[in-house]
Amino acid sequence: MDKQSSLVERFLRYVKIDTQSDEESGRHPSTDKQRDLADLLVTELKDLGLDVDYDEKNCYVYAYLPPNGSDTDLGFISHMDTSPAVSGKDVKPHFIHSYDGKDDILDPADFPELKEHIGEDLIRTDGTTLLGADDKAGIAEIMEMLSFFKSNPDVTHHGIAVAFTPDEEIGEGTANFDLSRFHATQAYTVDGGKFGILEYECFNAAMATVEIKGKCVHTGSAKGIMINASLVANEFINLMPEDETPETTEGYEGFYYLDSIRSDCENAKMQFLIRDHDLERFEARKEFMKDAAFTINERYGSELLSISIEDQYPNMAMYLKDHMDLIERAQEAIRHAGGIPSVEPIRGGTDGAILSSRGLPCPNLPTGGYNYHSRYEYASVPEMQKTLETIIKLARPD
Ligand SMILES: [Zn+2]
């Protein structure tokens, strides 16, 4: 076996540290073990000679490498935690030299995308845990970039701000992100998957709560009197378009998702998620639901159904439209690293969306990792290498 690259060594070092977050804990950070990786990163950043600002209480690691021949700053952000969905304890990374399509765990019959990786070096798990390429591949790439600039002082670069955050996987990665400690006004999250794919559009998101007051009387004498809230809930659901659900849509197609329903004869309560990339269609979806509520109330001649709709997060594209240079530069950097850039919409939200709405425009770069949140998670070594080349290029002024 030839000597592994320092990028791979770094990645293997990080994935062995269990940093699973926990949505139940109610604490910040949600688990103390995330500090184990934060501590290591602080040490490594200091060893590299960087200016480190460790928010120990909240478990955020900020660092800054002053510019060298440039007068701008640029940021890179990755998260330290791994998904609560699959264990991240005792990860035993397994290095596959020149993947040939025959592997106990990575079978192209299950994951057709693997055919594109034949001949590549891959890293997977032993099949009992996740790998943690999400997002330790991103962390390793950022750290390796810093190390590159430190050991090549003749290479010009922007001021580079980095942040490593906890609890992204439970939607709290930006809860205590302190923008005043982050020395850049533009940044990228390095938290995507397949190399080449850039993400800067997410859903517009809202939650609709539908409540129904029924009229419950004895079933024996209910004729003409009873209004069964459960059945009214069913009527409402039937007014919703069948082919606009998560399981029937993809790409830029929005949907309504019935997230929960609790009902008996007297009361029913449903929660729907409304999602659409397009702001106009998003607003139209909200109106559609209000119209459906109106239809039901008309049918019964009373206000038995009420609906309230609350916005959750906006499409980050809205905040990026004045910063399209970030996208163009990323596309150019991906090409420079030998990739074909493509823009794909995120069918969800990201920490970058929240940071963008708080004034830090933040599109998402790939990492070279695949099958996230699963025992089949793997990383493509050449794609990690290309991501590293991409962010080095981005951090350079020319
Ligand atoms: Zn992630």
# chains A, B, ... in the order shown; residues from 1 in each chain; ligands from 1

call {"tool": "residues_near_ligand", "arguments": {"ligand": "ligand 1", "cutoff": "6 Å", "atoms": "only C-alpha atoms and all ligand atoms", "output": "MDAnalysis selection string"}}
result
chainID A and resid 134:135 191

call {"tool": "select_by_dssp", "arguments": {"residues": "region 71-252 of chain A", "states": "helix (DSSP H, G or I)", "output": "VMD selection string"}}
result
chain A and resid 112 to 117 133 to 151 168 to 170 179 to 181 219 to 221 229 to 239 246 to 248

call {"tool": "closest_residue", "arguments": {"among": "A:Gly368, A:Met384, A:His79, A:Gly159", "to": "Arg10 (chain A)", "atoms": "only C-alpha atoms"}}
result
A:Met384

call {"tool": "residues_around", "arguments": {"residues": "region 340-343 of chain A", "least_positions_apart": "2", "cutoff": "12 Å", "atoms": "only C-alpha atoms", "output": "VMD selection string"}}
result
chain A and resid 192 194 to 202 251 to 252 317 327 to 338 345 to 346 363 to 366 383 386 to 387 390

call {"tool": "select_by_dssp", "arguments": {"residues": "region 289-363 of chain A", "states": "strand (DSSP E)", "output": "mmCIF file with C-alpha atoms, in the first residue's frame"}}
result
data_model
loop_
_atom_site.group_PDB
_atom_site.id
_atom_site.type_symbol
_atom_site.label_atom_id
_atom_site.label_comp_id
_atom_site.auth_asym_id
_atom_site.auth_seq_id
_atom_site.Cartn_x
_atom_site.Cartn_y
_atom_site.Cartn_z
ATOM 1 C CA LEU A 305 -61.972 24.322 10.428
ATOM 2 C CA SER A 306 -59.222 26.849 11.070
ATOM 3 C CA ILE A 307 -55.838 27.127 9.434
ATOM 4 C CA SER A 308 -52.729 29.029 10.446
ATOM 5 C CA ILE A 309 -49.590 29.194 8.340
ATOM 6 C CA GLU A 310 -46.159 30.117 9.631
ATOM 7 C CA ASP A 311 -43.053 30.755 7.531
ATOM 8 C CA GLN A 312 -40.035 28.635 8.506
ATOM 9 C CA TYR A 313 -37.102 29.562 6.263
ATOM 10 C CA SER A 342 -23.584 21.977 -12.099
ATOM 11 C CA VAL A 343 -26.097 23.755 -9.948
#

call {"tool": "atom_distance", "arguments": {"atom1": "CA of Phe164 (chain A)", "atom2": "CA of Ile77 (chain A)"}}
result
5.9 Å

call {"tool": "residues_around", "arguments": {"residues": "Asn68 (chain A)", "least_positions_apart": "5", "cutoff": "7 Å", "atoms": "only C-alpha atoms", "output": "list in words"}}
result
Thr156, His157 and His158 of chain A

call {"tool": "write_last_selection", "arguments": {"atoms": "N, CA and C atoms", "output": "CSV table (one decimal), in the first residue's frame"}}
result
chain,number,residue,atom,x,y,z
A,156,THR,N,0.1,33.4,-3.1
A,156,THR,CA,-0.8,34.5,-2.6
A,156,THR,C,-2.2,33.9,-2.3
A,157,HIS,N,-2.8,34.5,-1.3
A,157,HIS,CA,-4.2,34.0,-0.9
A,157,HIS,C,-4.9,35.1,-0.2
A,158,HIS,N,-6.3,35.0,-0.2
A,158,HIS,CA,-7.1,35.9,0.5
A,158,HIS,C,-6.9,35.7,2.0

call {"tool": "residues_around", "arguments": {"residues": "region 94-100 of chain A", "least_positions_apart": "5", "cutoff": "8 Å", "atoms": "only C-alpha atoms", "output": "VMD selection string"}}
result
chain A and resid 117 to 126

call {"tool": "closest_residue", "arguments": {"among": "A:His373, A:Arg396, A:His183, A:Lys150", "to": "Val86 (chain A)", "atoms": "only C-alpha atoms"}}
result
A:His373

call {"tool": "atom_distance", "arguments": {"atom1": "CA of Thr245 (chain A)", "atom2": "CA of Leu258 (chain A)"}}
result
8.4 Å
